[in-house]
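S.K.: So here's query-v1.tsv, just TSV, C-alpha atoms:
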```
chain	number	residue	atom	x	y	z
N	147	MET	CA	11.69	5.42	35.11
N	148	ALA	CA	8.22	5.24	36.63
N	149	GLU	CA	8.64	8.62	38.32
N	150	VAL	CA	10.09	10.18	35.20
N	151	HIS	CA	7.11	9.27	33.03
N	152	ALA	CA	4.31	9.63	35.56
N	153	HIS	CA	3.47	13.17	34.49
N	154	THR	CA	3.19	12.43	30.77
N	155	HIS	CA	-0.01	10.40	30.99
N	156	ALA	CA	-1.78	11.94	33.96
N	157	GLU	CA	-5.47	12.71	33.47
N	158	GLY	CA	-6.26	16.21	32.28
N	159	GLU	CA	-2.81	16.73	30.79
N	160	ILE	CA	-3.63	15.31	27.37
N	161	ALA	CA	-2.78	17.78	24.64
N	162	LYS	CA	-5.26	18.81	21.94
N	163	PRO	CA	-5.03	16.85	18.67
N	164	ASN	CA	-3.01	18.49	15.92
N	165	THR	CA	-4.21	16.81	12.75
N	166	ALA	CA	-4.37	19.53	10.07
N	167	GLY	CA	-1.26	18.22	8.29
N	168	ILE	CA	-2.58	14.65	8.27
N	169	TRP	CA	-5.84	15.67	6.61
N	170	ARG	CA	-3.99	17.86	4.09
N	171	THR	CA	-1.96	14.77	3.02
N	172	PHE	CA	-5.19	12.77	2.81
N	173	TRP	CA	-6.75	15.30	0.42
N	174	VAL	CA	-3.61	15.33	-1.73
N	175	LEU	CA	-3.68	11.50	-2.00
N	176	LEU	CA	-7.39	11.50	-2.79
N	177	ALA	CA	-6.98	14.21	-5.44
N	178	ILE	CA	-4.14	12.32	-7.16
N	179	THR	CA	-6.16	9.08	-7.18
N	180	GLY	CA	-9.17	10.95	-8.57
N	181	LEU	CA	-6.98	12.45	-11.30
N	182	GLU	CA	-5.78	8.94	-12.25
N	183	PHE	CA	-9.40	7.80	-12.63
N	184	ILE	CA	-10.27	10.81	-14.80
N	185	ILE	CA	-7.31	10.05	-17.07
N	186	ALA	CA	-8.19	6.33	-17.21
N	187	LEU	CA	-11.93	6.69	-17.88
N	188	ALA	CA	-12.75	10.15	-19.27
N	189	ILE	CA	-9.90	10.75	-21.72
N	190	PRO	CA	-10.03	8.45	-24.78
N	191	SER	CA	-6.80	6.98	-26.11
N	192	SER	CA	-7.45	8.63	-29.47
N	193	ILE	CA	-6.77	12.05	-27.92
N	194	VAL	CA	-3.94	11.11	-25.55
N	195	PRO	CA	-1.89	8.04	-26.63
N	196	HIS	CA	-1.72	5.17	-24.15
N	197	ILE	CA	2.05	5.47	-23.73
N	198	VAL	CA	1.67	9.11	-22.57
N	199	LYS	CA	-1.02	8.03	-20.10
N	200	VAL	CA	1.32	5.35	-18.71
N	201	GLY	CA	4.01	7.98	-18.18
N	202	VAL	CA	1.54	10.21	-16.32
N	203	TYR	CA	0.38	7.26	-14.16
N	204	ILE	CA	3.95	6.47	-13.15
N	205	ILE	CA	4.67	10.10	-12.22
N	206	LEU	CA	1.42	10.31	-10.18
N	207	THR	CA	2.17	6.98	-8.48
N	208	ILE	CA	5.61	8.18	-7.42
N	209	ALA	CA	4.02	11.41	-6.16
N	210	LYS	CA	1.58	9.38	-4.03
N	211	ALA	CA	4.40	7.17	-2.77
N	212	PHE	CA	6.34	10.29	-1.79
N	213	TYR	CA	3.44	11.68	0.25
N	214	ILE	CA	2.83	8.36	2.03
N	215	VAL	CA	6.49	7.79	2.89
N	216	ALA	CA	7.39	11.39	3.70
N	217	GLU	CA	4.31	12.39	5.70
N	218	PHE	CA	2.44	9.29	6.91
N	219	MET	CA	5.59	7.27	7.57
N	220	HIS	CA	7.28	10.43	8.82
N	221	LEU	CA	10.50	9.79	6.89
N	222	LYS	CA	10.83	13.47	5.91
N	223	HIS	CA	11.08	14.35	9.59
N	224	GLU	CA	13.66	11.69	10.48
N	225	VAL	CA	17.42	12.14	10.21
N	226	LYS	CA	18.34	12.70	6.55
N	227	PHE	CA	20.76	9.78	6.51
N	228	LEU	CA	17.97	7.39	7.56
N	229	GLY	CA	15.92	8.64	4.62
N	230	MET	CA	18.85	8.05	2.27
N	231	CYS	CA	19.35	4.51	3.69
N	232	ILE	CA	15.79	3.67	2.66
N	233	VAL	CA	15.44	5.61	-0.59
N	234	LEU	CA	18.83	5.11	-2.28
N	235	PRO	CA	18.64	1.28	-2.54
N	236	MET	CA	15.50	1.88	-4.66
N	237	ILE	CA	17.88	2.89	-7.48
N	238	PHE	CA	18.60	-0.83	-7.95
N	239	ILE	CA	14.86	-1.44	-8.31
N	240	ALA	CA	14.53	1.23	-10.99
N	241	TRP	CA	17.51	-0.23	-12.86
N	242	LEU	CA	16.17	-3.80	-12.69
N	243	LEU	CA	12.72	-2.66	-13.77
N	244	ILE	CA	14.03	-0.89	-16.87
N	245	ALA	CA	16.37	-3.79	-17.69
N	246	MET	CA	13.60	-6.38	-17.36
N	247	ILE	CA	11.08	-4.37	-19.42
N	248	MET	CA	13.69	-4.24	-22.21
N	249	GLU	CA	14.30	-7.99	-21.82
N	250	GLY	CA	10.54	-8.58	-22.03
N	251	GLY	CA	10.31	-6.52	-25.21
N	252	GLY	CA	13.18	-8.54	-26.64
N	253	LEU	CA	11.40	-11.82	-25.82
N	254	TYR	CA	8.25	-10.55	-27.52
N	255	ILE	CA	10.15	-9.88	-30.76
N	256	ARG	CA	11.81	-13.30	-30.54
N	257	TRP	CA	8.62	-15.28	-29.84
N	258	ARG	CA	6.43	-13.47	-32.35
X	185	MET	CA	11.87	13.27	17.08
X	186	ALA	CA	11.59	16.59	18.85
X	187	HIS	CA	8.62	15.18	20.69
X	188	LEU	CA	10.49	12.07	21.84
X	189	ALA	CA	13.34	14.21	23.09
X	190	LYS	CA	10.84	16.23	25.09
X	191	THR	CA	9.31	13.27	26.94
X	192	HIS	CA	12.80	12.21	27.91
X	193	GLU	CA	14.31	15.57	28.75
X	194	GLN	CA	14.72	14.54	32.38
X	195	GLN	CA	17.05	11.68	31.51
X	196	GLU	CA	19.11	13.35	28.79
X	197	GLY	CA	22.27	11.52	29.82
X	198	SER	CA	20.90	8.01	29.31
X	199	LEU	CA	19.33	8.55	25.87
X	200	ASP	CA	21.01	5.69	24.07
X	201	TRP	CA	20.93	2.05	23.01
X	202	ASN	CA	23.38	1.48	25.90
X	203	GLY	CA	26.35	2.30	23.68
X	204	GLY	CA	26.41	6.02	24.40
X	205	ASN	CA	24.38	7.29	21.43
X	206	ILE	CA	21.29	6.66	19.30
X	207	PRO	CA	22.29	5.71	15.74
X	208	LEU	CA	20.30	7.77	13.19
X	209	LYS	CA	18.41	9.31	16.16
X	210	ALA	CA	15.77	6.59	15.87
X	211	SER	CA	14.95	3.99	18.48
X	212	TRP	CA	16.30	0.50	17.83
X	213	GLY	CA	12.87	-1.01	17.17
X	214	LYS	CA	11.82	1.68	14.70
X	215	LEU	CA	15.08	1.45	12.77
X	216	MET	CA	14.75	-2.32	12.46
X	217	MET	CA	11.16	-1.89	11.24
X	218	TRP	CA	12.45	0.47	8.53
X	219	PHE	CA	15.10	-2.04	7.44
X	220	PHE	CA	12.53	-4.84	7.40
X	221	LEU	CA	10.26	-2.71	5.24
X	222	LEU	CA	13.15	-2.05	2.85
X	223	SER	CA	13.66	-5.81	2.44
X	224	ASP	CA	9.92	-6.31	2.01
X	225	ALA	CA	9.94	-3.58	-0.63
X	226	PHE	CA	12.53	-5.66	-2.49
X	227	SER	CA	10.19	-8.69	-2.40
X	228	PHE	CA	7.29	-6.72	-3.81
X	229	SER	CA	9.52	-5.01	-6.36
X	230	ALA	CA	10.70	-8.42	-7.59
X	231	LEU	CA	7.07	-9.45	-8.12
X	232	LEU	CA	6.13	-6.22	-9.89
X	233	ILE	CA	9.26	-6.36	-12.06
X	234	THR	CA	8.30	-9.91	-13.01
X	235	TYR	CA	4.87	-8.58	-13.94
X	236	ALA	CA	6.42	-5.84	-16.09
X	237	MET	CA	8.73	-8.27	-17.89
X	238	ILE	CA	5.99	-10.83	-18.65
X	239	ARG	CA	3.59	-8.05	-19.63
X	240	TYR	CA	6.08	-6.68	-22.17
X	241	SER	CA	6.86	-10.13	-23.56
X	242	HIS	CA	3.19	-10.40	-24.67
X	243	ALA	CA	1.39	-8.51	-27.41
X	244	ALA	CA	-0.60	-5.42	-26.45
X	245	TYR	CA	-4.13	-4.72	-27.67
X	246	HIS	CA	-4.09	-1.96	-30.30
X	247	GLY	CA	-7.73	-1.55	-31.35
X	248	THR	CA	-10.37	0.75	-29.86
X	249	ILE	CA	-11.77	-0.02	-26.42
X	250	GLU	CA	-15.33	-0.43	-27.83
X	251	ASN	CA	-14.25	-3.32	-30.06
X	252	PHE	CA	-12.16	-5.04	-27.39
X	253	LYS	CA	-12.67	-8.80	-27.04
X	254	PHE	CA	-10.86	-11.10	-24.63
X	255	SER	CA	-8.30	-13.23	-26.44
X	256	LEU	CA	-5.32	-15.41	-25.59
X	257	ASP	CA	-3.32	-13.50	-28.23
X	258	TYR	CA	-2.84	-10.25	-26.33
X	259	TRP	CA	-2.79	-8.82	-22.81
X	260	PRO	CA	-6.28	-7.70	-21.66
X	261	VAL	CA	-7.28	-4.07	-21.12
X	262	PRO	CA	-7.88	-3.58	-17.34
X	263	ASP	CA	-11.04	-1.47	-17.87
X	264	LYS	CA	-12.67	-4.56	-19.38
X	265	VAL	CA	-11.43	-7.09	-16.81
X	266	PHE	CA	-12.26	-5.14	-13.66
X	267	GLU	CA	-15.66	-3.62	-14.36
X	268	ALA	CA	-17.93	-5.54	-11.98
X	269	MET	CA	-19.51	-4.22	-8.81
X	270	PRO	CA	-21.28	-6.03	-5.95
X	271	PHE	CA	-25.11	-5.85	-6.09
X	272	LEU	CA	-24.99	-4.45	-9.65
X	273	HIS	CA	-24.80	-7.62	-11.69
X	274	GLY	CA	-24.10	-7.16	-15.39
X	275	VAL	CA	-23.59	-3.39	-15.16
X	276	SER	CA	-20.28	-2.23	-16.65
X	277	LEU	CA	-18.56	0.05	-14.14
X	278	PRO	CA	-14.88	-0.01	-15.06
X	279	LEU	CA	-12.50	0.41	-12.09
X	280	VAL	CA	-15.23	1.70	-9.75
X	281	PHE	CA	-14.97	-1.13	-7.22
X	282	VAL	CA	-11.18	-1.05	-7.15
X	283	GLY	CA	-11.44	2.71	-6.71
X	284	ILE	CA	-13.54	2.15	-3.59
X	285	MET	CA	-10.95	-0.37	-2.33
X	286	THR	CA	-8.17	2.17	-2.86
X	287	PHE	CA	-10.17	4.79	-0.99
X	288	ILE	CA	-10.76	2.37	1.94
X	289	LEU	CA	-7.05	1.60	2.22
X	290	ILE	CA	-5.97	5.28	2.04
X	291	MET	CA	-8.64	6.10	4.62
X	292	SER	CA	-7.41	3.39	7.00
X	293	SER	CA	-3.89	4.76	6.55
X	294	VAL	CA	-5.21	8.13	7.69
X	295	THR	CA	-6.89	6.66	10.79
X	296	MET	CA	-3.61	4.83	11.54
X	297	VAL	CA	-1.60	8.04	11.43
X	298	LEU	CA	-4.26	9.65	13.66
X	299	ALA	CA	-3.72	6.79	16.15
X	300	VAL	CA	0.04	7.43	16.05
X	301	GLU	CA	-0.60	11.13	16.65
X	302	ALA	CA	-2.83	10.26	19.62
X	303	GLY	CA	-0.05	8.01	20.93
X	304	HIS	CA	2.37	10.93	20.84
X	305	ARG	CA	-0.02	12.79	23.14
X	306	ASN	CA	-0.39	9.68	25.38
X	307	ASP	CA	-4.12	9.89	24.71
X	308	ARG	CA	-5.21	6.29	25.34
X	309	LYS	CA	-8.89	6.84	24.46
X	310	ASP	CA	-8.03	8.38	21.08
X	311	VAL	CA	-5.52	5.62	20.29
X	312	GLU	CA	-8.23	3.03	20.98
X	313	LYS	CA	-10.75	4.88	18.80
X	314	TRP	CA	-8.46	5.32	15.79
X	315	MET	CA	-7.05	1.78	16.04
X	316	LEU	CA	-10.59	0.40	15.90
X	317	TRP	CA	-11.31	2.43	12.76
X	318	THR	CA	-8.06	1.19	11.23
X	319	ILE	CA	-8.93	-2.45	12.00
X	320	LEU	CA	-12.39	-1.92	10.50
X	321	GLY	CA	-10.82	-0.45	7.35
X	322	GLY	CA	-8.44	-3.41	7.09
X	323	PHE	CA	-11.22	-6.00	7.38
X	324	THR	CA	-13.36	-4.08	4.88
X	325	PHE	CA	-10.51	-4.07	2.38
X	326	LEU	CA	-9.98	-7.82	2.85
X	327	GLY	CA	-13.69	-8.41	2.34
X	328	CYS	CA	-13.62	-6.39	-0.90
X	329	GLN	CA	-10.60	-8.35	-2.07
X	330	ALA	CA	-12.36	-11.65	-1.34
X	331	TRP	CA	-15.28	-10.47	-3.49
X	332	GLU	CA	-12.90	-9.29	-6.23
X	333	TRP	CA	-11.16	-12.69	-6.28
X	334	THR	CA	-14.46	-14.58	-6.29
X	335	HIS	CA	-15.66	-12.59	-9.28
X	336	PHE	CA	-12.33	-12.97	-11.05
X	337	ILE	CA	-12.38	-16.75	-10.55
X	338	HIS	CA	-16.03	-17.24	-11.56
X	339	GLY	CA	-15.83	-14.85	-14.51
X	340	SER	CA	-18.64	-13.17	-16.43
X	341	ASP	CA	-21.89	-14.78	-17.66
X	342	LYS	CA	-20.83	-14.92	-21.30
X	343	GLY	CA	-17.26	-16.03	-20.63
X	344	GLY	CA	-14.35	-14.50	-22.49
X	345	ALA	CA	-11.54	-15.75	-24.66
X	346	THR	CA	-11.78	-18.99	-26.63
X	347	ASP	CA	-9.16	-21.68	-26.08
X	348	VAL	CA	-7.14	-23.39	-28.86
X	349	TYR	CA	-10.01	-25.86	-29.50
X	350	GLY	CA	-12.48	-23.02	-30.05
X	351	SER	CA	-14.54	-23.43	-26.88
X	352	VAL	CA	-15.29	-20.43	-24.64
X	353	ILE	CA	-13.37	-20.15	-21.35
X	354	TYR	CA	-15.31	-19.17	-18.24
X	355	GLY	CA	-13.59	-17.60	-15.26
X	356	ALA	CA	-9.97	-18.01	-14.26
X	357	ASN	CA	-7.61	-20.50	-12.65
X	358	LEU	CA	-3.89	-21.16	-12.87
X	359	ILE	CA	-4.26	-23.29	-16.06
X	360	GLN	CA	-6.41	-20.99	-18.17
X	361	ASN	CA	-8.47	-17.80	-17.85
X	362	GLN	CA	-11.11	-15.99	-19.86
X	363	TYR	CA	-9.27	-12.66	-19.78
X	364	GLY	CA	-6.13	-13.36	-21.77
X	365	PRO	CA	-2.73	-15.08	-21.61
X	366	VAL	CA	-2.27	-17.59	-18.77
X	367	PRO	CA	0.36	-15.54	-16.87
X	368	PHE	CA	-2.12	-12.64	-16.53
X	369	ALA	CA	-4.31	-14.53	-14.04
X	370	ASN	CA	-1.31	-16.21	-12.41
X	371	LEU	CA	0.33	-12.84	-11.72
X	372	PHE	CA	-2.98	-11.40	-10.53
X	373	PHE	CA	-3.42	-14.23	-8.03
X	374	PHE	CA	0.18	-14.17	-6.87
X	375	ILE	CA	0.69	-10.42	-6.50
X	376	THR	CA	-2.70	-9.37	-5.11
X	377	GLY	CA	-2.62	-12.53	-2.97
X	378	PHE	CA	0.78	-11.67	-1.54
X	379	HIS	CA	-0.43	-8.14	-0.88
X	380	GLY	CA	-3.67	-9.41	0.66
X	381	PHE	CA	-1.65	-11.65	2.96
X	382	HIS	CA	0.34	-8.58	4.04
X	383	VAL	CA	-2.92	-6.73	4.73
X	384	PHE	CA	-4.12	-9.70	6.80
X	385	SER	CA	-0.86	-9.73	8.82
X	386	GLY	CA	-1.22	-5.97	9.28
X	387	VAL	CA	-4.77	-6.35	10.60
X	388	MET	CA	-3.55	-9.00	13.06
X	389	LEU	CA	-0.79	-6.65	14.29
X	390	ASN	CA	-3.34	-3.83	14.55
X	391	VAL	CA	-5.63	-6.05	16.64
X	392	LEU	CA	-2.67	-6.91	18.86
X	393	VAL	CA	-1.68	-3.29	19.56
X	394	PHE	CA	-5.34	-2.34	20.02
X	395	TYR	CA	-5.65	-5.11	22.62
X	396	ASN	CA	-2.51	-3.89	24.39
X	397	THR	CA	-3.76	-0.29	24.36
X	398	ALA	CA	-7.24	-1.24	25.60
X	399	PHE	CA	-5.78	-3.28	28.46
X	400	GLY	CA	-3.44	-0.47	29.43
X	401	VAL	CA	-0.19	-2.26	28.62
X	402	TYR	CA	1.31	0.87	27.03
X	403	ALA	CA	-0.02	3.22	29.68
X	404	ASN	CA	1.59	1.15	32.44
X	405	PRO	CA	4.44	3.32	33.81
X	406	ASP	CA	6.42	0.26	34.95
X	407	ARG	CA	6.75	-1.12	31.44
X	408	VAL	CA	10.32	-1.00	30.16
X	409	ILE	CA	10.53	0.76	26.77
X	410	ASP	CA	13.30	1.35	24.24
X	411	GLU	CA	15.63	4.19	25.06
X	412	GLY	CA	14.54	7.19	23.05
X	413	ALA	CA	11.08	5.77	22.36
X	414	GLY	CA	7.68	7.19	23.30
X	415	ARG	CA	5.32	5.18	25.50
X	416	TYR	CA	3.09	4.37	22.53
X	417	GLU	CA	5.88	3.69	20.06
X	418	MET	CA	4.55	0.23	19.26
X	419	ILE	CA	1.61	1.98	17.56
X	420	GLU	CA	4.15	3.90	15.48
X	421	LYS	CA	6.07	0.75	14.46
X	422	VAL	CA	2.94	-1.19	13.51
X	423	GLY	CA	1.77	1.99	11.79
X	424	LEU	CA	4.91	1.99	9.61
X	425	TYR	CA	4.04	-1.53	8.49
X	426	TRP	CA	0.42	-0.54	7.81
X	427	HIS	CA	1.44	2.47	5.70
X	428	PHE	CA	3.83	0.23	3.79
X	429	VAL	CA	0.92	-2.06	2.90
X	430	ASP	CA	-0.95	1.00	1.61
X	431	LEU	CA	2.15	2.06	-0.31
X	432	VAL	CA	2.45	-1.33	-2.01
X	433	TRP	CA	-1.22	-1.14	-2.99
X	434	VAL	CA	-0.54	2.19	-4.73
X	435	PHE	CA	1.98	0.40	-6.97
X	436	VAL	CA	-0.13	-2.76	-7.44
X	437	PHE	CA	-3.06	-0.52	-8.39
X	438	THR	CA	-1.03	1.30	-11.04
X	439	ALA	CA	0.50	-1.89	-12.46
X	440	PHE	CA	-2.68	-3.99	-12.65
X	441	TYR	CA	-5.55	-1.57	-12.99
X	442	LEU	CA	-4.21	1.46	-14.85
X	443	ILE	CA	-1.37	0.47	-17.18
```
Take the structure from the file and write it as structure tokens.
M.R.:
Amino acid sequence: MAEVHAHTHAEGEIAKPNTAGIWRTFWVLLAITGLEFIIALAIPSSIVPHIVKVGVYIILTIAKAFYIVAEFMHLKHEVKFLGMCIVLPMIFIAWLLIAMIMEGGGLYIRWR
Amino acid sequence: MAHLAKTHEQQEGSLDWNGGNIPLKASWGKLMMWFFLLSDAFSFSALLITYAMIRYSHAAYHGTIENFKFSLDYWPVPDKVFEAMPFLHGVSLPLVFVGIMTFILIMSSVTMVLAVEAGHRNDRKDVEKWMLWTILGGFTFLGCQAWEWTHFIHGSDKGGATDVYGSVIYGANLIQNQYGPVPFANLFFFITGFHGFHVFSGVMLNVLVFYNTAFGVYANPDRVIDEGAGRYEMIEKVGLYWHFVDLVWVFVFTAFYLI
């Protein structure tokens, strides 16, 4: 194995960095976060109702999560089945979240 | 993966986990890190789902933001809870500090992915440089969180909500808090604490791989590595964990500070 790998880390053979895609993802994440702040602080709830804002936050959060997982964690470039192994179980999370929010709303009505 | 295949092109025949193939074309260690992260995602999801359920079982505040007062009767508005900033005592700057924290964590995620990229090129100097930046980002975030917690626990000068006997509550603990219903502070402590502990573990792992890189452990050609893995794959595996911590923060941020 030593002979096989010797050439890959010899001095002077180090390739040039290729980081354009990384920085593009960074700017996308920063822009989405900035947009969330603008919605939270600059737009009063009298113009856009809070419930609409919450919907927009959730969509933007999922967009950020997609960029982090797909690009930074490289999942988009792995075998598709590996991606499915990780992403599909999240369906259970979405189901439990919706179920528990409805339960919480029910408790509120009951306790009021 | 194309890159990994290239570094191993000379030993095409032995590219396996010793069973004749590489399941999902990922090295064993990386695949297990992915499955661990999936299980950790379940833990965090359980906490955030608990937050959602308790949040929706309490009344929401319906008035205008100008007239908002802390009260035990409804869930607080985040703009009013998280509006403090170090060195600017008494100035109302809603969400600015947490915005800086988010930026620090995203930035350290970027330096981490730059370290992974340097590892792919077997560029030891660059790996060292970017790992140091990542560690610095991690410690900075932890420092910010310590400040955030301190302020949350001590509360504001004038206090907030009044308790059932009519006296003003100052600060927050697990029994009562000036911001609103008791579970609000409890969930804040538990969820941001659990996340902060993950960040701390991540920083420790980052220090460990930086140490190994700096002392040439990964560059050593005699070191036995996973079949199908690059020489600096440990950076990649720890990087996956670090990005996951950033990912969780994205959700914690939305749940606690925006909604």
S.K.: One decimal, Å: what's the distance from atom CA of Val233 of chain N over to atom CA of Val215 of chain N, could you say?
M.R.: 9.8 Å
S.K.: If we count all atoms listed in the file, what is near Val352 of chain X at a cut-off of 8 Å, once residues fewer than 3 positions away on the same chain are taken out, given as a list in words?
M.R.: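 The contact residues come out as Gly343, Gly344, Ala345, Thr346, Asp347 and Gln362 of chain X.
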S.K.: Since we have the selection now, will you write its residues out, keeping C-alpha atoms, as an mmCIF file, in the frame of the given file?
M.R.:
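So result.cif came out as:
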```cif
data_model
loop_
_atom_site.group_PDB
_atom_site.id
_atom_site.type_symbol
_atom_site.label_atom_id
_atom_site.label_comp_id
_atom_site.auth_asym_id
_atom_site.auth_seq_id
_atom_site.Cartn_x
_atom_site.Cartn_y
_atom_site.Cartn_z
ATOM 1 C CA GLY X 343 -17.260 -16.030 -20.630
ATOM 2 C CA GLY X 344 -14.350 -14.500 -22.490
ATOM 3 C CA ALA X 345 -11.540 -15.750 -24.660
ATOM 4 C CA THR X 346 -11.780 -18.990 -26.630
ATOM 5 C CA ASP X 347 -9.160 -21.680 -26.080
ATOM 6 C CA GLN X 362 -11.110 -15.990 -19.860
#
```
S.K.: What does the distance between atom CA of Tyr363 of chain X and atom CA of Phe226 of chain X come to in Å, to one decimal place?
M.R.: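 We find that atom CA of Tyr363 of chain X and atom CA of Phe226 of chain X lie 28.7 Å from each other.
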S.K.: Just the number, please: distance in Å from atom CA of Ile249 of chain X to atom CA of Val282 of chain X, one decimal.
M.R.: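 Those two atoms sit 19.3 Å apart.
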S.K.: Would you mind listing, for every residue of chain X within 6 Å of chain N, the two atoms forming the shortest contact and the distance between them in Å to one decimal, using only C-alpha atoms, sorted by chain and ascending residue number, as CSV?
M.R.:
```
residue,atom,partner,partner_atom,distance
X:Ile233,CA,N:Leu243,CA,5.3
X:Ala236,CA,N:Ile247,CA,5.9
X:Met237,CA,N:Gly250,CA,4.5
X:Tyr240,CA,N:Gly250,CA,4.8
X:Ser241,CA,N:Tyr254,CA,4.2
X:His242,CA,N:Tyr254,CA,5.8
X:Arg305,CA,N:Ala161,CA,5.9
X:Asn306,CA,N:His155,CA,5.7
X:Pro405,CA,N:Ala148,CA,5.1
X:Asp406,CA,N:Ala148,CA,5.6
X:Leu424,CA,N:Met219,CA,5.7
X:Ile443,CA,N:Val200,CA,5.8
```
S.K.: Give me the residues within 7 Å of segment 408-422 of chain X as an MDAnalysis selection string, counting only C-alpha atoms and dropping any in the same chain fewer than 6 places off.
M.R.: chainID X and resid 188 199:201 211 214 217 300 303:304 306 389:390 393 402
S.K.: Residues around (-2.6, 4.8, -34.2), cut-off 9 Å, counting all atoms listed in the file - what are they as a VMD selection string?
M.R.: (chain N and resid 192 195) or (chain X and resid 246 to 247)
S.K.: Would you save the residues from that selection as an mmCIF file, in the coordinates of the input, using C-alpha atoms?
M.R.:
```
data_model
loop_
_atom_site.group_PDB
_atom_site.id
_atom_site.type_symbol
_atom_site.label_atom_id
_atom_site.label_comp_id
_atom_site.auth_asym_id
_atom_site.auth_seq_id
_atom_site.Cartn_x
_atom_site.Cartn_y
_atom_site.Cartn_z
ATOM 1 C CA SER N 192 -7.450 8.630 -29.470
ATOM 2 C CA PRO N 195 -1.890 8.040 -26.630
ATOM 3 C CA HIS X 246 -4.090 -1.960 -30.300
ATOM 4 C CA GLY X 247 -7.730 -1.550 -31.350
#
```
S.K.: Calculated over all atoms listed in the file, which of the candidates X:Met216, X:Ile359, X:Leu316, X:Val261 has the smallest distance to Val391 of chain X?
M.R.: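 Checking each candidate against Val391 of chain X, we get X:Leu316 as the closest.
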S.K.: Need the shell around Phe281 of chain X: protein/DNA/RNA residues with any atom at most 10 Å away, counting all atoms listed in the file. Skip same-chain ones fewer than 4 positions apart. Format as an mmCIF file with C-alpha atoms, in the frame of the given file?
M.R.:
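Printed below is around.cif as written:
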```cif
data_model
loop_
_atom_site.group_PDB
_atom_site.id
_atom_site.type_symbol
_atom_site.label_atom_id
_atom_site.label_comp_id
_atom_site.auth_asym_id
_atom_site.auth_seq_id
_atom_site.Cartn_x
_atom_site.Cartn_y
_atom_site.Cartn_z
ATOM 1 C CA PHE X 266 -12.260 -5.140 -13.660
ATOM 2 C CA GLU X 267 -15.660 -3.620 -14.360
ATOM 3 C CA ALA X 268 -17.930 -5.540 -11.980
ATOM 4 C CA MET X 269 -19.510 -4.220 -8.810
ATOM 5 C CA PRO X 270 -21.280 -6.030 -5.950
ATOM 6 C CA LEU X 277 -18.560 0.050 -14.140
ATOM 7 C CA MET X 285 -10.950 -0.370 -2.330
ATOM 8 C CA THR X 286 -8.170 2.170 -2.860
ATOM 9 C CA PHE X 287 -10.170 4.790 -0.990
ATOM 10 C CA CYS X 328 -13.620 -6.390 -0.900
ATOM 11 C CA GLN X 329 -10.600 -8.350 -2.070
ATOM 12 C CA GLU X 332 -12.900 -9.290 -6.230
#
```
S.K.: Kindly compute an axis-aligned box around the listed atoms of segment 157-168 of chain N, allowing 5 Å on each side, and express its centre and edge lengths in Å to one decimal as lines of an AutoDock Vina configuration file.
M.R.:
```
center_x = -3.8
center_y = 16.1
center_z = 20.9
size_x = 15.0
size_y = 16.8
size_z = 35.2
```
